[in-house]
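Engineer: Please find query-v2.tsv (TSV, C-alpha atoms) on the next line:
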chain	number	residue	atom	x	y	z
K	1	MET	CA	-144.07	-24.07	172.52
K	2	LEU	CA	-143.76	-21.17	170.11
K	3	HIS	CA	-141.18	-19.11	171.97
K	4	SER	CA	-138.45	-21.50	170.82
K	5	GLY	CA	-139.62	-21.49	167.23
K	6	ALA	CA	-141.02	-25.01	167.58
K	7	GLY	CA	-144.03	-25.64	165.35
K	8	LEU	CA	-142.96	-22.89	162.96
K	9	GLN	CA	-141.50	-23.46	159.51
K	10	SER	CA	-139.97	-20.93	157.16
K	11	ARG	CA	-139.34	-21.50	153.48
K	12	ASN	CA	-136.54	-19.00	153.12
K	13	PHE	CA	-134.16	-19.36	156.03
K	14	PHE	CA	-131.60	-21.73	154.51
K	15	LEU	CA	-132.24	-20.78	150.89
K	16	ASN	CA	-128.79	-19.27	150.26
K	17	LEU	CA	-126.79	-21.17	152.87
K	18	LYS	CA	-123.72	-22.75	151.23
K	19	ALA	CA	-122.47	-24.86	154.14
K	20	PRO	CA	-123.25	-28.21	155.77
K	21	ILE	CA	-126.28	-28.01	158.07
K	22	VAL	CA	-125.91	-29.90	161.35
K	23	CYS	CA	-129.58	-30.23	162.34
K	24	ILE	CA	-129.77	-32.28	165.51
K	25	ASP	CA	-132.41	-33.91	167.65
K	26	SER	CA	-131.08	-33.17	171.12
K	27	GLU	CA	-132.80	-36.23	172.61
K	28	LYS	CA	-131.63	-38.77	170.02
K	29	ILE	CA	-128.18	-37.93	168.69
K	30	SER	CA	-125.35	-39.18	170.88
K	31	GLU	CA	-122.37	-37.12	171.99
K	32	GLU	CA	-120.08	-39.48	170.09
K	33	VAL	CA	-121.94	-38.98	166.83
K	34	LEU	CA	-122.18	-35.21	167.25
K	35	LEU	CA	-118.50	-34.75	168.02
K	36	GLY	CA	-117.60	-37.14	165.21
K	37	LEU	CA	-119.09	-34.65	162.78
K	38	VAL	CA	-116.37	-32.15	163.69
K	39	ASP	CA	-113.86	-34.36	161.86
K	40	THR	CA	-116.17	-34.78	158.87
K	41	ILE	CA	-117.07	-31.13	158.26
K	42	PRO	CA	-113.55	-30.01	157.16
K	43	GLN	CA	-113.71	-32.61	154.38
K	44	ILE	CA	-116.63	-30.61	152.92
K	45	GLY	CA	-115.65	-27.06	153.80
K	46	ASN	CA	-114.57	-24.83	156.67
K	47	SER	CA	-118.00	-23.89	158.00
K	48	CYS	CA	-121.32	-25.33	159.14
K	49	CYS	CA	-124.71	-24.27	160.45
K	50	TYR	CA	-125.59	-25.74	163.87
K	51	THR	CA	-129.34	-25.91	164.39
K	52	SER	CA	-132.09	-28.19	165.66
K	53	GLN	CA	-135.74	-29.05	165.36
K	54	ASP	CA	-136.12	-28.03	169.00
K	55	GLU	CA	-133.17	-26.03	170.41
K	56	SER	CA	-129.60	-26.67	169.33
K	57	LEU	CA	-127.99	-25.68	172.64
K	58	ASN	CA	-130.14	-28.15	174.58
K	59	HIS	CA	-127.77	-30.94	173.59
K	60	PRO	CA	-125.37	-31.59	176.49
K	61	ALA	CA	-122.42	-31.83	174.09
K	62	SER	CA	-123.11	-28.46	172.45
K	63	GLY	CA	-120.25	-26.80	174.31
K	64	SER	CA	-117.79	-29.53	173.28
K	65	PHE	CA	-119.02	-29.39	169.67
K	66	LEU	CA	-118.52	-25.63	169.47
K	67	ARG	CA	-115.17	-25.76	171.24
K	68	GLU	CA	-113.81	-28.49	168.95
K	69	CYS	CA	-115.07	-26.64	165.88
K	70	GLY	CA	-113.12	-23.60	167.07
K	71	GLU	CA	-109.99	-25.68	167.59
K	72	LYS	CA	-110.26	-27.09	164.05
K	73	ASN	CA	-110.98	-23.65	162.54
K	74	VAL	CA	-114.52	-24.60	161.53
K	75	ASN	CA	-116.65	-21.46	161.44
K	76	VAL	CA	-120.06	-22.14	162.96
K	77	GLY	CA	-123.34	-20.42	162.24
K	78	LEU	CA	-125.56	-20.97	165.29
K	79	VAL	CA	-129.36	-20.96	165.18
K	80	THR	CA	-130.83	-20.70	168.68
K	81	ASN	CA	-133.71	-19.36	170.74
K	82	GLY	CA	-131.15	-17.49	172.85
K	83	VAL	CA	-132.02	-18.92	176.25
K	84	LEU	CA	-128.75	-20.82	176.78
K	85	ILE	CA	-126.32	-18.39	175.13
K	86	ASP	CA	-124.90	-17.38	178.52
K	87	LYS	CA	-124.03	-21.02	179.31
K	88	TYR	CA	-121.92	-21.36	176.16
K	89	LEU	CA	-120.82	-17.76	175.64
K	90	ASP	CA	-117.07	-18.51	175.66
K	91	GLU	CA	-117.45	-21.30	173.10
K	92	ILE	CA	-119.71	-19.17	170.91
K	93	MET	CA	-117.23	-16.31	170.88
K	94	THR	CA	-114.36	-18.52	169.73
K	95	SER	CA	-116.18	-20.68	167.17
K	96	CYS	CA	-119.14	-18.80	165.67
K	97	SER	CA	-119.05	-16.49	162.68
K	98	TRP	CA	-122.72	-15.67	163.16
K	99	VAL	CA	-125.49	-16.29	165.68
K	100	SER	CA	-129.17	-16.12	164.72
K	101	VAL	CA	-131.64	-15.76	167.59
K	102	GLY	CA	-135.26	-16.55	166.74
K	103	ILE	CA	-137.91	-14.33	168.30
K	104	ILE	CA	-141.69	-14.10	167.96
K	105	THR	CA	-142.63	-11.08	170.07
K	106	SER	CA	-141.42	-7.83	171.55
K	107	SER	CA	-143.21	-8.22	174.89
K	108	ALA	CA	-142.68	-10.45	177.92
K	109	SER	CA	-146.43	-10.91	178.39
K	110	LYS	CA	-146.96	-12.25	174.86
K	111	TYR	CA	-143.91	-14.46	175.23
K	112	ALA	CA	-145.44	-15.94	178.39
K	113	GLU	CA	-148.72	-16.54	176.57
K	114	ASN	CA	-146.81	-18.75	174.12
K	115	GLY	CA	-145.34	-21.04	176.74
K	116	GLY	CA	-142.32	-19.10	177.93
K	117	SER	CA	-141.81	-16.92	180.98
K	118	ALA	CA	-141.08	-13.25	181.52
K	119	ILE	CA	-137.76	-14.13	183.16
K	120	GLU	CA	-136.76	-16.18	180.12
K	121	PHE	CA	-137.79	-13.38	177.76
K	122	TYR	CA	-135.54	-10.82	179.45
K	123	LYS	CA	-132.73	-13.37	179.71
K	124	ILE	CA	-132.74	-13.84	175.94
K	125	PHE	CA	-132.22	-10.15	175.27
K	126	ASN	CA	-129.61	-9.86	178.02
K	127	ASN	CA	-127.78	-12.77	176.37
K	128	ILE	CA	-127.90	-10.98	173.03
K	129	LYS	CA	-126.48	-7.84	174.63
K	130	SER	CA	-123.66	-9.94	176.13
K	131	LEU	CA	-122.83	-11.30	172.68
K	132	VAL	CA	-122.63	-7.80	171.26
K	133	ARG	CA	-120.53	-6.47	174.16
K	134	ARG	CA	-118.06	-9.37	174.15
K	135	ARG	CA	-117.08	-8.98	170.52
K	136	THR	CA	-113.57	-7.71	169.91
K	137	SER	CA	-114.07	-7.71	166.14
K	138	GLU	CA	-116.99	-7.77	163.75
K	139	PHE	CA	-117.59	-11.45	164.54
K	140	PRO	CA	-119.74	-13.17	165.45
K	141	ARG	CA	-122.37	-11.34	163.47
K	142	VAL	CA	-125.55	-11.20	165.54
K	143	ILE	CA	-128.90	-11.69	163.84
K	144	LEU	CA	-132.45	-11.39	165.12
K	145	SER	CA	-134.79	-13.59	163.09
K	146	PHE	CA	-138.44	-12.63	163.51
K	147	TYR	CA	-140.69	-15.64	162.84
K	148	MET	CA	-143.79	-13.91	161.52
K	149	ILE	CA	-147.23	-15.52	161.82
K	150	PRO	CA	-150.71	-13.94	161.93
K	151	ASP	CA	-150.64	-13.94	165.75
K	152	ASN	CA	-147.58	-11.67	165.98
K	153	CYS	CA	-147.43	-9.73	162.70
K	154	THR	CA	-148.03	-6.38	164.42
K	155	ASP	CA	-144.90	-6.90	166.56
K	156	VAL	CA	-142.44	-6.73	163.68
K	157	TYR	CA	-141.66	-3.01	164.01
K	158	ASP	CA	-141.14	-3.15	167.79
K	159	CYS	CA	-138.86	-6.19	167.45
K	160	ALA	CA	-136.85	-4.47	164.72
K	161	LYS	CA	-136.51	-1.40	166.94
K	162	ILE	CA	-135.26	-3.52	169.86
K	163	GLY	CA	-132.67	-5.12	167.58
K	164	LYS	CA	-131.40	-1.72	166.50
K	165	ASP	CA	-131.28	-0.42	170.07
K	166	ILE	CA	-129.23	-3.35	171.41
K	167	GLY	CA	-126.75	-3.30	168.55
K	168	VAL	CA	-127.35	-6.45	166.51
K	169	ASP	CA	-126.15	-6.52	162.91
K	170	PHE	CA	-129.11	-7.94	161.02
K	171	PHE	CA	-132.87	-8.35	161.40
K	172	ASN	CA	-134.63	-11.00	159.29
K	173	ILE	CA	-138.40	-10.93	158.74
K	174	LEU	CA	-139.36	-14.55	158.04
K	175	PRO	CA	-142.94	-15.57	157.17
K	176	CYS	CA	-143.64	-18.91	158.83
K	177	LEU	CA	-146.11	-21.74	158.90
K	178	LYS	CA	-148.24	-22.40	161.96
K	179	LYS	CA	-151.00	-24.98	162.01
K	180	GLY	CA	-154.38	-23.28	162.14
K	181	SER	CA	-153.09	-19.85	161.10
K	182	VAL	CA	-154.72	-17.95	158.25
K	183	TRP	CA	-153.64	-14.69	156.62
K	184	TYR	CA	-156.69	-12.58	155.77
K	185	PRO	CA	-156.48	-9.75	153.18
K	186	GLU	CA	-157.18	-6.96	155.69
K	187	MET	CA	-154.54	-8.40	158.02
K	188	LEU	CA	-152.01	-8.56	155.19
K	189	SER	CA	-152.57	-4.93	154.25
K	190	LYS	CA	-151.85	-3.77	157.80
K	191	THR	CA	-148.90	-6.16	158.08
K	192	PHE	CA	-147.19	-4.85	154.96
K	193	LYS	CA	-147.49	-1.30	156.22
K	194	THR	CA	-145.88	-2.33	159.52
K	195	ILE	CA	-143.10	-4.17	157.67
K	196	ASP	CA	-142.40	-1.11	155.51
K	197	ARG	CA	-142.08	0.95	158.67
K	198	ALA	CA	-139.69	-1.60	160.16
K	199	VAL	CA	-137.52	-1.74	157.03
K	200	ARG	CA	-137.00	2.02	157.24
K	201	LEU	CA	-135.01	1.43	160.45
K	202	SER	CA	-132.25	-0.13	158.32
K	203	THR	CA	-128.87	1.66	158.30
K	204	ASN	CA	-125.34	0.90	157.07
K	205	ASN	CA	-124.67	-0.88	160.39
K	206	TYR	CA	-128.08	-2.48	160.85
K	207	LYS	CA	-129.47	-4.35	157.87
K	208	ILE	CA	-133.09	-5.46	157.74
K	209	TYR	CA	-134.01	-8.22	155.32
K	210	ASN	CA	-137.66	-8.73	154.45
K	211	PHE	CA	-138.39	-12.25	153.17
K	212	VAL	CA	-142.09	-11.49	152.69
K	213	ILE	CA	-142.12	-11.37	148.90
K	214	ASN	CA	-145.74	-10.58	148.05
K	215	PHE	CA	-149.31	-11.15	149.13
K	216	ASN	CA	-149.63	-14.49	147.33
K	217	GLU	CA	-146.44	-15.76	148.98
K	218	VAL	CA	-147.79	-15.00	152.45
K	219	VAL	CA	-151.30	-16.33	151.76
K	220	SER	CA	-149.74	-19.61	150.62
K	221	LEU	CA	-148.29	-20.00	154.13
K	222	SER	CA	-151.77	-20.26	155.66
K	223	VAL	CA	-152.39	-23.73	157.09
K	224	VAL	CA	-155.78	-24.77	158.39
Let's see the structure in the file written out as C-alpha coordinates.
Structural biologist:
Amino acid sequence: MLHSGAGLQSRNFFLNLKAPIVCIDSEKISEEVLLGLVDTIPQIGNSCCYTSQDESLNHPASGSFLRECGEKNVNVGLVTNGVLIDKYLDEIMTSCSWVSVGIITSSASKYAENGGSAIEFYKIFNNIKSLVRRRTSEFPRVILSFYMIPDNCTDVYDCAKIGKDIGVDFFNILPCLKKGSVWYPEMLSKTFKTIDRAVRLSTNNYKIYNFVINFNEVVSLSVV
(Lines of atoms letter the chains of each structure in order from A and count residues from 1; the text may use other names and numbers.)
(Lines give C-alpha, C1' and ligand atoms only; values in the text may rest on other atoms or scores of the structure.)
Protein backbone atom coordinates (compact mmCIF):
# COMPACT_ATOMS: atom_id res chain seq x y z
CA MET A 1 0.00 0.00 0.00
CA LEU A 2 2.03 2.92 -1.29
CA HIS A 3 0.10 5.76 0.31
CA SER A 4 1.73 4.98 3.65
CA GLY A 5 5.21 4.76 2.18
CA ALA A 6 5.22 0.97 2.54
CA GLY A 7 7.30 -0.76 -0.12
CA LEU A 8 9.38 2.36 -0.68
CA GLN A 9 12.97 2.81 0.46
CA SER A 10 15.06 5.95 0.42
CA ARG A 11 18.82 6.04 0.79
CA ASN A 12 19.05 9.56 2.13
CA PHE A 13 16.39 10.07 4.75
CA PHE A 14 18.37 9.26 7.90
CA LEU A 15 21.78 10.12 6.48
CA ASN A 16 22.44 13.07 8.79
CA LEU A 17 20.24 12.08 11.73
CA LYS A 18 22.28 12.20 14.96
CA ALA A 19 19.77 10.65 17.35
CA PRO A 20 18.54 7.18 18.33
CA ILE A 21 16.03 5.80 15.83
CA VAL A 22 13.05 4.00 17.39
CA CYS A 23 11.87 1.96 14.39
CA ILE A 24 8.98 -0.21 15.51
CA ASP A 25 6.90 -3.04 14.14
CA SER A 26 3.46 -2.07 15.41
CA GLU A 27 2.27 -5.69 15.41
CA LYS A 28 5.23 -7.20 17.26
CA ILE A 29 6.67 -4.77 19.80
CA SER A 30 4.87 -4.79 23.13
CA GLU A 31 3.71 -1.70 25.00
CA GLU A 32 6.05 -2.60 27.85
CA VAL A 33 9.09 -2.72 25.58
CA LEU A 34 8.16 0.48 23.75
CA LEU A 35 7.59 2.49 26.92
CA GLY A 36 10.74 1.02 28.43
CA LEU A 37 12.73 2.76 25.71
CA VAL A 38 11.68 6.13 27.14
CA ASP A 39 13.96 5.47 30.13
CA THR A 40 16.81 4.29 27.90
CA ILE A 41 16.88 7.19 25.42
CA PRO A 42 18.06 9.87 27.92
CA GLN A 43 21.14 7.72 28.59
CA ILE A 44 22.12 8.30 24.93
CA GLY A 45 20.86 11.82 24.34
CA ASN A 46 17.80 14.04 24.66
CA SER A 47 16.13 13.21 21.36
CA CYS A 48 14.96 10.32 19.18
CA CYS A 49 13.30 9.62 15.85
CA TYR A 50 10.04 7.63 16.14
CA THR A 51 9.30 5.74 12.94
CA SER A 52 8.14 2.36 11.66
CA GLN A 53 8.30 -0.03 8.75
CA ASP A 54 4.54 0.39 8.39
CA GLU A 55 3.09 3.38 10.30
CA SER A 56 4.49 4.52 13.63
CA LEU A 57 1.19 5.85 15.03
CA ASN A 58 -0.55 2.52 14.43
CA HIS A 59 0.95 1.20 17.66
CA PRO A 60 -1.67 1.47 20.43
CA ALA A 61 0.94 2.79 22.87
CA SER A 62 2.08 5.61 20.57
CA GLY A 63 0.23 8.22 22.60
CA SER A 64 1.76 7.00 25.86
CA PHE A 65 5.23 6.87 24.28
CA LEU A 66 4.97 10.46 23.04
CA ARG A 67 3.47 11.71 26.28
CA GLU A 68 6.19 10.09 28.43
CA CYS A 69 8.89 11.42 26.12
CA GLY A 70 7.45 14.90 26.65
CA GLU A 71 7.43 14.43 30.42
CA LYS A 72 11.09 13.35 30.38
CA ASN A 73 12.09 16.22 28.03
CA VAL A 74 12.97 13.85 25.19
CA ASN A 75 12.51 15.68 21.89
CA VAL A 76 10.86 13.40 19.35
CA GLY A 77 11.12 13.51 15.58
CA LEU A 78 8.03 11.76 14.22
CA VAL A 79 7.87 10.05 10.82
CA THR A 80 4.27 9.32 9.82
CA ASN A 81 1.87 9.02 6.91
CA GLY A 82 -0.29 11.67 8.62
CA VAL A 83 -3.53 9.72 8.88
CA LEU A 84 -3.59 9.47 12.69
CA ILE A 85 -2.10 12.86 13.58
CA ASP A 86 -5.48 14.12 14.80
CA LYS A 87 -5.73 11.22 17.28
CA TYR A 88 -2.43 12.14 18.93
CA LEU A 89 -2.31 15.87 18.25
CA ASP A 90 -1.97 16.91 21.92
CA GLU A 91 0.89 14.47 22.51
CA ILE A 92 2.63 15.52 19.29
CA MET A 93 2.46 19.19 20.23
CA THR A 94 4.08 18.62 23.62
CA SER A 95 6.77 16.10 22.65
CA CYS A 96 7.80 16.56 19.01
CA SER A 97 10.47 18.90 17.72
CA TRP A 98 9.64 17.92 14.14
CA VAL A 99 7.04 15.90 12.26
CA SER A 100 7.71 14.47 8.80
CA VAL A 101 4.66 13.43 6.78
CA GLY A 102 5.35 11.16 3.82
CA ILE A 103 3.34 11.80 0.66
CA ILE A 104 3.38 10.32 -2.84
CA THR A 105 0.84 12.39 -4.76
CA SER A 106 -0.96 15.70 -4.94
CA SER A 107 -4.34 14.26 -5.96
CA ALA A 108 -7.01 12.26 -4.14
CA SER A 109 -7.67 10.11 -7.21
CA LYS A 110 -4.04 8.99 -7.52
CA TYR A 111 -3.92 8.37 -3.78
CA ALA A 112 -6.95 6.10 -4.11
CA GLU A 113 -5.30 4.23 -6.98
CA ASN A 114 -2.46 3.35 -4.60
CA GLY A 115 -4.66 1.76 -1.96
CA GLY A 116 -5.88 4.75 0.01
CA SER A 117 -9.14 6.66 -0.14
CA ALA A 118 -10.10 10.20 -1.05
CA ILE A 119 -11.38 10.78 2.49
CA GLU A 120 -8.04 9.67 3.92
CA PHE A 121 -6.14 11.89 1.48
CA TYR A 122 -7.99 15.04 2.56
CA LYS A 123 -7.72 14.03 6.21
CA ILE A 124 -3.93 13.92 5.96
CA PHE A 125 -3.71 17.49 4.71
CA ASN A 126 -6.29 18.70 7.23
CA ASN A 127 -4.15 17.08 9.94
CA ILE A 128 -1.08 18.90 8.65
CA LYS A 129 -2.98 22.19 8.71
CA SER A 130 -4.00 21.48 12.32
CA LEU A 131 -0.35 20.95 13.25
CA VAL A 132 0.62 24.27 11.71
CA ARG A 133 -2.29 26.15 13.33
CA ARG A 134 -1.73 24.69 16.81
CA ARG A 135 1.88 25.79 17.07
CA THR A 136 2.55 28.56 19.56
CA SER A 137 6.26 28.65 18.67
CA GLU A 138 8.42 27.48 15.81
CA PHE A 139 8.08 23.87 17.00
CA PRO A 140 7.25 21.30 15.96
CA ARG A 141 8.80 21.89 12.57
CA VAL A 142 6.51 20.41 9.93
CA ILE A 143 8.03 18.60 6.97
CA LEU A 144 6.47 17.15 3.84
CA SER A 145 8.61 14.31 2.48
CA PHE A 146 7.82 13.47 -1.13
CA TYR A 147 8.72 9.84 -1.88
CA MET A 148 9.58 10.08 -5.56
CA ILE A 149 9.26 7.07 -7.86
CA PRO A 150 8.71 6.89 -11.65
CA ASP A 151 4.93 6.60 -11.13
CA ASN A 152 4.62 9.97 -9.38
CA CYS A 153 7.62 12.04 -10.50
CA THR A 154 5.45 14.59 -12.31
CA ASP A 155 3.62 15.37 -9.04
CA VAL A 156 6.61 16.88 -7.28
CA TYR A 157 5.85 20.50 -8.19
CA ASP A 158 2.17 20.29 -7.21
CA CYS A 159 3.06 18.66 -3.88
CA ALA A 160 5.67 21.33 -3.18
CA LYS A 161 3.10 24.02 -3.98
CA ILE A 162 0.58 22.46 -1.57
CA GLY A 163 3.22 22.40 1.16
CA LYS A 164 3.93 26.09 0.66
CA ASP A 165 0.24 26.99 0.62
CA ILE A 166 -0.56 25.21 3.90
CA GLY A 167 2.42 26.63 5.74
CA VAL A 168 4.81 23.73 6.35
CA ASP A 169 8.47 24.51 7.01
CA PHE A 170 10.31 22.07 4.79
CA PHE A 171 9.74 19.98 1.67
CA ASN A 172 12.04 17.00 1.03
CA ILE A 173 12.32 15.40 -2.42
CA LEU A 174 13.41 11.82 -1.75
CA PRO A 175 14.16 9.36 -4.59
CA CYS A 176 12.91 5.94 -3.53
CA LEU A 177 13.03 2.30 -4.47
CA LYS A 178 9.95 0.49 -5.70
CA LYS A 179 10.04 -3.05 -7.01
CA GLY A 180 9.46 -3.08 -10.76
CA SER A 181 10.13 0.63 -11.25
CA VAL A 182 12.59 1.82 -13.88
CA TRP A 183 13.85 5.34 -14.55
CA TYR A 184 14.21 5.90 -18.29
CA PRO A 185 16.42 8.73 -19.67
CA GLU A 186 13.54 10.67 -21.23
CA MET A 187 11.59 10.40 -17.97
CA LEU A 188 14.59 11.64 -15.99
CA SER A 189 15.01 14.68 -18.20
CA LYS A 190 11.40 15.74 -17.65
CA THR A 191 11.64 14.93 -13.94
CA PHE A 192 14.67 17.14 -13.37
CA LYS A 193 12.93 20.05 -15.06
CA THR A 194 9.92 19.58 -12.78
CA ILE A 195 12.18 19.36 -9.72
CA ASP A 196 13.97 22.58 -10.71
CA ARG A 197 10.59 24.29 -10.96
CA ALA A 198 9.61 22.98 -7.52
CA VAL A 199 12.88 24.10 -5.91
CA ARG A 200 12.23 27.65 -7.08
CA LEU A 201 9.26 27.76 -4.66
CA SER A 202 11.76 27.81 -1.78
CA THR A 203 11.77 30.93 0.43
CA ASN A 204 13.33 31.96 3.76
CA ASN A 205 10.33 30.40 5.54
CA TYR A 206 9.84 27.40 3.27
CA LYS A 207 12.94 25.36 2.50
CA ILE A 208 12.96 22.75 -0.24
CA TYR A 209 15.65 20.09 -0.13
CA ASN A 210 16.33 18.05 -3.24
CA PHE A 211 18.00 14.71 -2.49
CA VAL A 212 18.12 13.74 -6.18
CA ILE A 213 21.86 14.16 -6.71
CA ASN A 214 22.34 13.29 -10.38
CA PHE A 215 21.10 11.07 -13.17
CA ASN A 216 23.30 8.12 -12.19
CA GLU A 217 22.04 8.30 -8.59
CA VAL A 218 18.43 8.07 -9.72
CA VAL A 219 19.03 5.36 -12.33
CA SER A 220 20.69 3.25 -9.63
CA LEU A 221 17.37 3.27 -7.75
CA SER A 222 15.66 1.32 -10.54
CA VAL A 223 14.65 -2.15 -9.39
CA VAL A 224 13.26 -4.73 -11.78
Engineer: Would you mind telling me which residue in K:Asn152, K:Asn127, K:Ser30, K:Ser95 lies nearest to Glu113 (chain K) when using only C-alpha atoms?
Structural biologist: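 Answer, going by the shortest atom-to-atom distance: K:Asn152.
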Engineer: Using only C-alpha atoms, pick whichever of K:Cys159, K:Met148, K:Ile41, K:Leu35 has the shortest atom-to-atom distance to Lys178 (chain K).
Structural biologist: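 Comparing K:Cys159, K:Met148, K:Ile41, K:Leu35 against Lys178 (chain K), the winner is K:Met148.
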Engineer: Within 9 Å of Ser64 (chain K), counting all atoms listed in the file, which residues show up once you throw out same-chain ones fewer than 4 positions away? Write them as a PyMOL selection string, please.
Structural biologist: chain K and resi 31+35+60+68-69+91
Engineer: I need the residue nearest Lys129 (chain K) from this list: K:Val142, K:Ile149, K:Leu174, K:Ile208. Use only C-alpha atoms for the distance.
Structural biologist: K:Val142
Engineer: Which value, in Å to one decimal, gives the distance between CA of Thr105 (chain K) and CA of Asn58 (chain K)?
Structural biologist: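 Computing the Euclidean distance for CA of Thr105 (chain K) and CA of Asn58 (chain K) yields 21.6 Å.
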Engineer: Can you work out which one of K:Gly77, K:Pro150, K:Gly102, K:Gly82 has the shortest atom-to-atom distance to Ser130 (chain K), counting only C-alpha atoms?
Structural biologist: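 Looking only at the distances to Ser130 (chain K), the closest residue turns out to be K:Gly82.
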Engineer: Record the distance separating CA of Arg200 (chain K) and CA of Phe121 (chain K), expressed in Å with one decimal.
Structural biologist: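 The value is 25.7 Å.
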Engineer: Taking the partial coordinates given, rebuild region 52-87 of chain K to contain N, CA and C atoms; return it as an mmCIF file, in the coordinates of the input.
Structural biologist:
data_model
loop_
_atom_site.group_PDB
_atom_site.id
_atom_site.type_symbol
_atom_site.label_atom_id
_atom_site.label_comp_id
_atom_site.auth_asym_id
_atom_site.auth_seq_id
_atom_site.Cartn_x
_atom_site.Cartn_y
_atom_site.Cartn_z
ATOM 1 N N SER K 52 -131.338 -27.065 165.110
ATOM 2 C CA SER K 52 -132.090 -28.190 165.660
ATOM 3 C C SER K 52 -133.563 -28.017 165.386
ATOM 4 N N GLN K 53 -134.291 -29.117 165.466
ATOM 5 C CA GLN K 53 -135.740 -29.050 165.360
ATOM 6 C C GLN K 53 -136.369 -28.568 166.658
ATOM 7 N N ASP K 54 -135.616 -28.596 167.750
ATOM 8 C CA ASP K 54 -136.120 -28.030 169.000
ATOM 9 C C ASP K 54 -135.246 -26.840 169.397
ATOM 10 N N GLU K 55 -134.116 -27.103 170.056
ATOM 11 C CA GLU K 55 -133.170 -26.030 170.410
ATOM 12 C C GLU K 55 -131.777 -26.611 170.392
ATOM 13 N N SER K 56 -130.933 -26.102 169.549
ATOM 14 C CA SER K 56 -129.600 -26.670 169.330
ATOM 15 C C SER K 56 -128.769 -26.744 170.608
ATOM 16 N N LEU K 57 -128.829 -25.723 171.450
ATOM 17 C CA LEU K 57 -127.990 -25.680 172.640
ATOM 18 C C LEU K 57 -128.509 -26.552 173.776
ATOM 19 N N ASN K 58 -129.655 -27.213 173.569
ATOM 20 C CA ASN K 58 -130.140 -28.150 174.580
ATOM 21 C C ASN K 58 -129.280 -29.410 174.656
ATOM 22 N N HIS K 59 -128.576 -29.721 173.586
ATOM 23 C CA HIS K 59 -127.770 -30.940 173.590
ATOM 24 C C HIS K 59 -126.616 -30.771 174.577
ATOM 25 N N PRO K 60 -126.409 -31.735 175.467
ATOM 26 C CA PRO K 60 -125.370 -31.590 176.490
ATOM 27 C C PRO K 60 -123.947 -31.488 175.936
ATOM 28 N N ALA K 61 -123.750 -31.914 174.689
ATOM 29 C CA ALA K 61 -122.420 -31.830 174.090
ATOM 30 C C ALA K 61 -122.244 -30.591 173.214
ATOM 31 N N SER K 62 -123.188 -29.657 173.282
ATOM 32 C CA SER K 62 -123.110 -28.460 172.450
ATOM 33 C C SER K 62 -121.822 -27.680 172.703
ATOM 34 N N GLY K 63 -121.462 -27.538 173.967
ATOM 35 C CA GLY K 63 -120.250 -26.800 174.310
ATOM 36 C C GLY K 63 -119.012 -27.462 173.720
ATOM 37 N N SER K 64 -118.931 -28.780 173.830
ATOM 38 C CA SER K 64 -117.790 -29.530 173.280
ATOM 39 C C SER K 64 -117.765 -29.424 171.759
ATOM 40 N N PHE K 65 -118.940 -29.503 171.134
ATOM 41 C CA PHE K 65 -119.020 -29.390 169.670
ATOM 42 C C PHE K 65 -118.494 -28.030 169.212
ATOM 43 N N LEU K 66 -118.959 -26.966 169.853
ATOM 44 C CA LEU K 66 -118.520 -25.630 169.470
ATOM 45 C C LEU K 66 -117.028 -25.439 169.730
ATOM 46 N N ARG K 67 -116.587 -25.917 170.881
ATOM 47 C CA ARG K 67 -115.170 -25.760 171.240
ATOM 48 C C ARG K 67 -114.260 -26.498 170.253
ATOM 49 N N GLU K 68 -114.633 -27.733 169.877
ATOM 50 C CA GLU K 68 -113.810 -28.490 168.950
ATOM 51 C C GLU K 68 -113.857 -27.903 167.543
ATOM 52 N N CYS K 69 -114.998 -27.339 167.177
ATOM 53 C CA CYS K 69 -115.070 -26.640 165.880
ATOM 54 C C CYS K 69 -114.088 -25.467 165.868
ATOM 55 N N GLY K 70 -114.057 -24.720 166.979
ATOM 56 C CA GLY K 70 -113.120 -23.600 167.070
ATOM 57 C C GLY K 70 -111.679 -24.056 166.969
ATOM 58 N N GLU K 71 -111.362 -25.160 167.620
ATOM 59 C CA GLU K 71 -109.990 -25.680 167.590
ATOM 60 C C GLU K 71 -109.588 -26.156 166.203
ATOM 61 N N LYS K 72 -110.561 -26.603 165.402
ATOM 62 C CA LYS K 72 -110.260 -27.090 164.050
ATOM 63 C C LYS K 72 -110.547 -26.028 162.992
ATOM 64 N N ASN K 73 -110.746 -24.774 163.443
ATOM 65 C CA ASN K 73 -110.980 -23.650 162.540
ATOM 66 C C ASN K 73 -112.208 -23.839 161.646
ATOM 67 N N VAL K 74 -113.222 -24.489 162.205
ATOM 68 C CA VAL K 74 -114.520 -24.600 161.530
ATOM 69 C C VAL K 74 -115.395 -23.452 162.000
ATOM 70 N N ASN K 75 -115.796 -22.588 161.092
ATOM 71 C CA ASN K 75 -116.650 -21.460 161.440
ATOM 72 C C ASN K 75 -118.102 -21.917 161.547
ATOM 73 N N VAL K 76 -118.704 -21.665 162.695
ATOM 74 C CA VAL K 76 -120.060 -22.140 162.960
ATOM 75 C C VAL K 76 -121.066 -21.002 162.854
ATOM 76 N N GLY K 77 -122.177 -21.287 162.180
ATOM 77 C CA GLY K 77 -123.340 -20.420 162.240
ATOM 78 C C GLY K 77 -124.341 -21.069 163.171
ATOM 79 N N LEU K 78 -124.701 -20.381 164.248
ATOM 80 C CA LEU K 78 -125.560 -20.970 165.290
ATOM 81 C C LEU K 78 -126.974 -20.421 165.198
ATOM 82 N N VAL K 79 -127.949 -21.335 165.133
ATOM 83 C CA VAL K 79 -129.360 -20.960 165.180
ATOM 84 C C VAL K 79 -129.907 -21.380 166.532
ATOM 85 N N THR K 80 -130.448 -20.438 167.298
ATOM 86 C CA THR K 80 -130.830 -20.700 168.680
ATOM 87 C C THR K 80 -132.019 -19.839 169.092
ATOM 88 N N ASN K 81 -132.674 -20.242 170.182
ATOM 89 C CA ASN K 81 -133.710 -19.360 170.740
ATOM 90 C C ASN K 81 -133.130 -18.368 171.735
ATOM 91 N N GLY K 82 -131.841 -18.486 172.027
ATOM 92 C CA GLY K 82 -131.150 -17.490 172.850
ATOM 93 C C GLY K 82 -131.121 -17.740 174.333
ATOM 94 N N VAL K 83 -131.890 -18.718 174.817
ATOM 95 C CA VAL K 83 -132.020 -18.920 176.250
ATOM 96 C C VAL K 83 -130.708 -19.370 176.899
ATOM 97 N N LEU K 84 -129.954 -20.222 176.195
ATOM 98 C CA LEU K 84 -128.750 -20.820 176.780
ATOM 99 C C LEU K 84 -127.449 -20.178 176.287
ATOM 100 N N ILE K 85 -127.526 -19.042 175.642
ATOM 101 C CA ILE K 85 -126.320 -18.390 175.130
ATOM 102 C C ILE K 85 -125.320 -18.123 176.256
ATOM 103 N N ASP K 86 -125.813 -17.703 177.414
ATOM 104 C CA ASP K 86 -124.900 -17.380 178.520
ATOM 105 C C ASP K 86 -124.104 -18.595 178.980
ATOM 106 N N LYS K 87 -124.697 -19.786 178.874
ATOM 107 C CA LYS K 87 -124.030 -21.020 179.310
ATOM 108 C C LYS K 87 -122.841 -21.349 178.405
#
